[in-house]
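Q: Structure supplied as input-v9.csv; contents: CSV, C-alpha atoms and all ligand atoms.
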```csv
chain,number,residue,atom,x,y,z
A,645,MET,CA,133.6,39.5,92.3
A,646,ALA,CA,133.7,43.3,91.4
A,647,ALA,CA,130.8,44.7,89.3
A,648,PRO,CA,131.6,44.9,85.6
A,649,LEU,CA,133.0,48.3,84.5
A,650,PRO,CA,131.0,50.2,81.8
A,651,GLY,CA,133.8,50.3,79.3
A,652,LYS,CA,135.4,47.3,77.5
A,653,PHE,CA,139.0,46.2,77.7
A,654,ILE,CA,140.5,44.6,74.6
A,655,THR,CA,144.0,43.3,74.4
A,656,PHE,CA,146.3,42.4,71.5
A,657,GLU,CA,148.8,39.6,72.0
A,658,GLY,CA,151.2,37.6,69.9
A,659,GLY,CA,154.9,37.3,69.0
A,660,GLU,CA,157.2,39.8,67.4
A,661,GLY,CA,156.4,41.5,64.1
A,662,ALA,CA,152.7,40.4,64.1
A,663,GLY,CA,151.4,44.0,63.5
A,664,LYS,CA,149.7,44.4,66.9
A,665,SER,CA,150.4,48.2,67.2
A,666,THR,CA,149.1,49.0,63.7
A,667,GLN,CA,146.0,46.8,64.2
A,668,ALA,CA,145.4,48.3,67.7
A,669,ARG,CA,145.3,51.8,66.2
A,670,ALA,CA,143.1,50.7,63.3
A,671,LEU,CA,140.6,49.1,65.7
A,672,ALA,CA,140.6,52.2,67.8
A,673,ASP,CA,139.7,54.4,64.7
A,674,ASP,CA,136.9,52.0,63.7
A,675,LEU,CA,135.5,52.0,67.3
A,676,ARG,CA,135.7,55.8,67.5
A,677,ARG,CA,133.6,56.0,64.3
A,678,THR,CA,130.8,54.3,66.2
A,679,GLY,CA,130.9,57.1,68.8
A,680,LEU,CA,132.9,55.4,71.5
A,681,ASP,CA,135.7,57.0,73.5
A,682,VAL,CA,138.8,54.8,73.0
A,683,VAL,CA,142.2,54.8,74.6
A,684,VAL,CA,145.1,52.9,73.0
A,685,THR,CA,147.9,52.0,75.4
A,686,ARG,CA,150.7,49.4,75.6
A,687,GLU,CA,152.7,47.1,77.9
A,688,PRO,CA,155.2,47.2,79.3
A,689,GLY,CA,154.3,50.9,79.7
A,690,GLY,CA,151.2,53.1,79.5
A,691,THR,CA,152.0,55.2,82.5
A,692,PRO,CA,155.2,57.2,83.4
A,693,GLY,CA,156.3,54.6,85.9
A,694,GLY,CA,155.5,51.8,83.5
A,695,GLU,CA,157.4,53.4,80.7
A,696,ALA,CA,160.4,53.8,83.0
A,697,ILE,CA,160.2,50.1,83.8
A,698,ARG,CA,159.9,49.3,80.1
A,699,THR,CA,163.3,50.7,79.5
A,700,LEU,CA,164.8,48.3,82.1
A,701,LEU,CA,163.1,45.4,80.3
A,702,VAL,CA,163.7,46.0,76.6
A,703,GLU,CA,167.3,47.3,76.7
A,704,GLY,CA,170.5,45.4,77.6
A,705,ASP,CA,171.7,41.8,77.5
A,706,ALA,CA,169.3,39.0,77.0
A,707,GLY,CA,170.3,37.5,80.3
A,708,ARG,CA,170.1,40.7,82.3
A,709,TRP,CA,167.3,39.6,84.6
A,710,ASP,CA,166.4,36.4,86.5
A,711,PRO,CA,163.0,35.3,85.0
A,712,PHE,CA,161.2,35.8,88.3
A,713,THR,CA,162.6,39.3,88.6
A,714,GLU,CA,161.6,39.9,85.1
A,715,ALA,CA,158.0,38.8,85.7
A,716,LEU,CA,157.9,41.0,88.8
A,717,LEU,CA,159.0,44.0,86.8
A,718,HIS,CA,156.3,43.3,84.2
A,719,PHE,CA,153.7,42.9,86.9
A,720,ALA,CA,154.9,46.1,88.7
A,721,ALA,CA,154.4,48.1,85.4
A,722,ARG,CA,151.1,46.3,84.9
A,723,ARG,CA,149.8,47.2,88.4
A,724,GLU,CA,150.5,50.9,87.7
A,725,HIS,CA,148.8,50.6,84.3
A,726,VAL,CA,145.7,48.9,85.6
A,727,VAL,CA,145.2,51.0,88.7
A,728,ARG,CA,146.1,54.4,87.3
A,729,LEU,CA,145.0,54.2,83.7
A,730,ILE,CA,142.9,51.2,82.6
A,731,GLN,CA,140.4,50.8,85.4
A,732,PRO,CA,139.7,54.6,85.7
A,733,LYS,CA,139.1,54.8,82.0
A,734,LEU,CA,136.8,51.8,82.0
A,735,ALA,CA,134.9,53.2,85.0
A,736,ALA,CA,134.4,56.4,83.0
A,737,GLY,CA,132.9,54.4,80.1
A,738,SER,CA,135.8,54.5,77.7
A,739,TRP,CA,137.0,51.5,75.8
A,740,VAL,CA,140.7,50.6,76.4
A,741,ILE,CA,142.9,48.7,73.9
A,742,SER,CA,146.2,47.5,75.1
A,743,ASP,CA,149.0,46.4,72.9
A,744,ARG,CA,150.0,43.3,75.1
A,745,PHE,CA,148.8,42.5,78.7
A,746,ALA,CA,149.2,39.6,81.1
A,747,ASP,CA,149.1,36.8,78.5
A,748,SER,CA,152.5,38.1,77.3
A,749,THR,CA,154.0,37.3,80.7
A,750,VAL,CA,152.7,33.8,80.6
A,751,ALA,CA,154.1,33.3,77.1
A,752,TYR,CA,157.4,35.2,77.4
A,753,GLN,CA,158.5,34.7,81.0
A,754,GLY,CA,156.6,31.3,81.3
A,755,ALA,CA,157.1,29.4,78.1
A,756,GLY,CA,160.0,31.5,76.9
A,757,GLN,CA,162.1,32.0,80.0
A,758,GLY,CA,160.9,28.9,82.0
A,759,LEU,CA,159.1,30.5,84.9
A,760,ASP,CA,156.7,28.0,86.4
A,761,ASP,CA,152.9,28.3,86.0
A,762,ALA,CA,152.2,28.2,89.7
A,763,SER,CA,154.3,31.3,90.3
A,764,LEU,CA,152.7,33.1,87.4
A,765,THR,CA,149.2,32.3,88.6
A,766,LYS,CA,150.0,33.5,92.1
A,767,LEU,CA,151.5,36.7,90.9
A,768,ARG,CA,148.6,37.4,88.6
A,769,SER,CA,146.1,36.9,91.3
A,770,LEU,CA,148.0,39.0,93.8
A,771,VAL,CA,148.4,41.9,91.4
A,772,LEU,CA,145.2,41.8,89.3
A,773,GLY,CA,142.7,39.9,91.4
A,774,ASP,CA,140.0,38.7,88.9
A,775,PHE,CA,140.5,41.6,86.5
A,776,MET,CA,140.6,40.2,82.9
A,777,PRO,CA,140.3,41.6,79.4
A,778,ASP,CA,136.8,41.3,77.9
A,779,LEU,CA,138.4,40.2,74.6
A,780,THR,CA,141.9,39.1,73.6
A,781,LEU,CA,143.0,39.1,70.0
A,782,ILE,CA,146.0,36.8,69.5
A,783,LEU,CA,147.8,37.7,66.3
A,784,ASP,CA,149.4,34.5,65.2
A,785,LEU,CA,152.3,34.4,62.7
A,786,PRO,CA,155.2,31.9,61.8
A,787,THR,CA,158.2,33.1,63.8
A,788,GLU,CA,160.4,33.5,60.8
A,789,VAL,CA,157.9,35.8,59.1
A,790,GLY,CA,157.7,38.0,62.2
A,791,PHE,CA,161.5,38.3,62.3
A,792,ARG,CA,161.7,39.1,58.6
A,793,ARG,CA,159.2,41.9,59.1
A,794,ILE,CA,161.0,43.4,62.1
A,795,LYS,CA,164.4,43.3,60.3
A,796,ALA,CA,162.8,45.1,57.3
A,797,SER,CA,161.2,47.8,59.4
A,798,ARG,CA,164.1,48.7,61.8
A,799,PRO,CA,167.8,48.0,62.1
A,800,ASP,CA,168.1,47.8,66.0
A,801,SER,CA,166.6,44.9,68.0
A,802,SER,CA,165.1,44.8,71.5
A,803,ARG,CA,166.3,42.5,74.2
A,804,TYR,CA,163.5,40.0,73.5
A,805,GLU,CA,164.1,40.0,69.8
A,806,ARG,CA,167.6,38.7,70.5
A,807,MET,CA,166.4,35.7,72.5
A,808,GLY,CA,166.6,33.2,69.6
A,809,ALA,CA,164.2,31.2,67.4
A,810,ASP,CA,163.4,28.4,69.9
A,811,PHE,CA,162.4,31.0,72.5
A,812,HIS,CA,160.0,32.6,70.0
A,813,GLU,CA,158.6,29.2,68.9
A,814,ARG,CA,157.8,28.3,72.5
A,815,LEU,CA,155.9,31.5,73.1
A,816,ARG,CA,154.0,31.2,69.9
A,817,ARG,CA,152.8,27.7,71.0
A,818,ARG,CA,151.9,29.1,74.4
A,819,PHE,CA,149.7,31.9,73.0
A,820,LEU,CA,147.8,29.3,71.0
A,821,ASP,CA,147.4,27.1,74.1
A,822,ILE,CA,146.0,30.1,76.0
A,823,ALA,CA,143.5,30.6,73.2
A,824,ARG,CA,142.5,26.9,73.3
A,825,GLN,CA,142.1,27.1,77.1
A,826,GLU,CA,140.0,30.3,77.1
A,827,PRO,CA,137.9,30.2,73.9
A,828,ARG,CA,135.3,32.7,75.3
A,829,ARG,CA,138.0,35.4,75.9
A,830,CYS,CA,140.5,34.7,73.1
A,831,VAL,CA,140.2,34.9,69.3
A,832,VAL,CA,143.2,33.8,67.1
A,833,VAL,CA,143.7,35.9,64.0
A,834,ASP,CA,146.0,34.8,61.1
A,835,ALA,CA,148.5,37.7,61.1
A,836,ALA,CA,150.3,36.4,58.0
A,837,ALA,CA,147.4,37.7,55.9
A,838,THR,CA,147.4,41.3,54.4
A,839,ALA,CA,146.9,44.1,56.9
A,840,GLU,CA,143.5,44.7,55.4
A,841,ALA,CA,142.4,41.1,55.8
A,842,VAL,CA,143.7,41.1,59.4
A,843,GLN,CA,141.8,44.3,60.2
A,844,ALA,CA,138.6,42.8,58.7
A,845,ALA,CA,139.0,39.6,60.8
A,846,ILE,CA,139.5,41.8,63.9
A,847,VAL,CA,136.4,43.9,63.1
A,848,ALA,CA,134.3,40.7,62.7
A,849,ALA,CA,135.6,39.3,66.0
A,850,VAL,CA,135.0,42.5,68.0
A,851,GLY,CA,131.5,42.8,66.5
A,852,GLN,CA,130.6,39.2,67.3
A,853,GLN,CA,132.1,39.0,70.8
A,854,LEU,CA,131.3,42.5,72.1
A,855,GLY,CA,128.2,43.3,70.2
A,856,VAL,CA,129.6,46.4,68.4
A,857,ARG,CA,127.3,47.7,65.6
A,858,TRP,CA,129.8,49.2,63.1
A,859,ALA,CA,129.1,52.7,61.8
A,901,LIG,P1,156.5,45.2,72.2
A,901,LIG,O1,157.8,45.2,71.4
A,901,LIG,O2,155.4,44.4,71.7
A,901,LIG,O3,156.1,46.6,72.4
A,901,LIG,O4,156.8,44.7,73.6
A,901,LIG,C1,158.0,44.8,74.3
A,901,LIG,C2,158.6,43.5,74.6
A,901,LIG,O5,158.3,43.1,75.9
A,901,LIG,C3,158.2,42.3,73.7
A,901,LIG,O6,159.4,41.8,73.1
A,901,LIG,C4,157.5,41.4,74.6
A,901,LIG,C5,158.0,41.7,75.9
A,901,LIG,N1,157.1,41.4,77.0
A,901,LIG,C6,157.3,40.3,77.9
A,901,LIG,O7,158.3,39.7,77.8
A,901,LIG,N2,156.5,40.1,79.0
A,901,LIG,C7,155.3,40.9,79.1
A,901,LIG,O8,154.6,40.6,80.1
A,901,LIG,C8,155.1,42.0,78.2
A,901,LIG,C9,153.9,42.8,78.4
A,901,LIG,C10,156.0,42.2,77.2
```
Using structure tokens, write down the structure from this file.

A:
Amino acid sequence: MAAPLPGKFITFEGGEGAGKSTQARALADDLRRTGLDVVVTREPGGTPGGEAIRTLLVEGDAGRWDPFTEALLHFAARREHVVRLIQPKLAAGSWVISDRFADSTVAYQGAGQGLDDASLTKLRSLVLGDFMPDLTLILDLPTEVGFRRIKASRPDSSRYERMGADFHERLRRRFLDIARQEPRRCVVVDAAATAEAVQAAIVAAVGQQLGVRWA
């Protein structure tokens, strides 16, 4: 196993409309106030190549890709992200916060699109080895609340938002299963609460799990 890197890697996961991006930025600001160097990034994306792949994934018809192809595209973008951005930043002592990471592939392409667990596990191990987030915050929200929030905030919808209520229910359950299976890495946060309450829960979790002493 590789030696631990000096920085910490935190991921935000969850369904649509859970407020991950807002909370990722708020956490970064809180961590910066303690004197840490913090990078906020996202998946799919985070590098020029990853952002180009993102366009292929979020635009077009819901059935545009075979689920395995789709998982390969996510992992191709992720490989670029980890090798060119995340690991170098962690090695330099920065903390990295990613809006989504590999759990999203397990939830969306696995539970959502029906790709089998064995293929997902093999792909992950081939692309990432044993590289894992230090902490994963799963923002959990009833599917219909997430959709209402998205509709209120923007008129256009992404490919994944068009995949139907059943799809989104399945991936919500899978995120909660992941949290149950990996309780040391994952913390579930009730994202239906106010933004301030969600932020406070996140600050408490990060303090407890990663030993941050808040400024
Ligand atoms: P975002 O809207 O949260 O920025 O993410 C873009 C979409 O990509 C979102 O609908 C979830 C989806 N996605 C997957 O299906 N699999 C993945 O591995 C990742 C990272 C995202």

Q: Would you list the residues that come within 7 Å of ligand LIG 901 (chain A)? Count all atoms listed in the file and give the answer as an MDAnalysis selection string.

A: chainID A and resid 660 686:688 701:702 715 718 743:749 752:753 802 804:805

Q: For Pro777 (chain A), list every protein, DNA or RNA residue within 7 Å, evaluated using all atoms listed in the file, and leave out those in the same chain fewer than 4 positions away; present the list as a PyMOL selection string.

A: chain A and resi 653-655

Q: I'd like the neighbourhood of Arg857 (chain A) as a compact mmCIF listing (two decimals) with C-alpha atoms, keeping the file's coordinate frame, where a residue qualifies if any of its atoms comes within 12 Å (using all atoms listed in the file), though same-chain residues fewer than 2 positions away should be ignored.

A:
```
# COMPACT_ATOMS: atom_id res chain seq x y z
CA ASP A 674 136.90 52.00 63.70
CA LEU A 675 135.50 52.00 67.30
CA ARG A 676 135.70 55.80 67.50
CA ARG A 677 133.60 56.00 64.30
CA THR A 678 130.80 54.30 66.20
CA GLY A 679 130.90 57.10 68.80
CA LEU A 680 132.90 55.40 71.50
CA VAL A 847 136.40 43.90 63.10
CA ALA A 848 134.30 40.70 62.70
CA ALA A 849 135.60 39.30 66.00
CA VAL A 850 135.00 42.50 68.00
CA GLY A 851 131.50 42.80 66.50
CA GLN A 852 130.60 39.20 67.30
CA GLN A 853 132.10 39.00 70.80
CA LEU A 854 131.30 42.50 72.10
CA GLY A 855 128.20 43.30 70.20
CA ALA A 859 129.10 52.70 61.80
```

Q: Measuring atom to atom with only C-alpha atoms, identify which of A:Ala721, A:Ala796, A:Leu767, A:Leu783 is nearest to Ala837 (chain A).

A: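 Smallest separation from Ala837 (chain A) among the options: A:Leu783.
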
Q: Check the smallest atom-to-atom distance from each of A:Val682, A:Ile730, A:Val789, A:Val750 to Ser763 (chain A) using only C-alpha atoms, then report the winner.

A: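 Of A:Val682, A:Ile730, A:Val789, A:Val750, the one nearest Ser763 (chain A) is A:Val750, counting only C-alpha atoms.
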
Q: In Å, rounded to a single decimal, give me how far CA of Gly658 (chain A) is from CA of Leu734 (chain A).

A: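 Computing it gives 23.6 Å between the two atoms.
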
Q: Any idea what's packed within 10 Å of Ala736 (chain A), counting all atoms listed in the file, ignoring anything in its chain fewer than 5 positions away? Could you give it as a list in words?

A: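 After dropping sequence-adjacent residues, the list is Leu649, Pro650, Gly651, Asp681, Ile730 and Gln731 of chain A.
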
Q: Nearest to Leu779 (chain A) among A:Pro827, A:Gly758, A:Gly704, A:Gly693, with distances taken over only C-alpha atoms: which residue is it?

A: A:Pro827

Q: From the options A:Thr713, A:Arg806, A:Gly663, A:Asp673, which residue's atoms come nearest to Arg793 (chain A), counting only C-alpha atoms?

A: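 Smallest distance to Arg793 (chain A) is found for A:Gly663.
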
Q: Expressed in Å to a single decimal, how great is the separation between CA of Phe811 (chain A) and CA of Gly689 (chain A)?

A: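 Computing it gives 22.7 Å between the two atoms.
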
Q: Contacts of Pro711 (chain A) at 10 Å or less, counting only C-alpha atoms, minus same-chain residues fewer than 5 places along, as a VMD selection string?

A: chain A and resid 716 to 717 752 to 754 756 to 760

Q: So what do you get for CA of Arg728 (chain A) versus CA of Glu714 (chain A), distance-wise?

A: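 Those two atoms sit 21.3 Å apart.
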
Q: At a cut-off of 12 Å around the point (157.4, 33.0, 62.9) (file coordinates), what residues fall inside when counting all atoms listed in the file? I'd like the answer as number ranges by chain.

A: A: 658-662, 783-794, 805, 808-817, 834-836

Q: Point out the residue among A:Thr765, A:Thr780, A:Gln843, A:Ser797 with the least atom-to-atom distance to Val831 (chain A), counting only C-alpha atoms.

A: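 Under the stated criterion, the closest residue is A:Thr780.
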
Q: Looking at only C-alpha atoms, which of A:Cys830, A:Ile846, A:Val684, A:Leu820 is the one that sits closest to Lys733 (chain A)?

A: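 Among the listed residues, A:Val684 lies closest to Lys733 (chain A).
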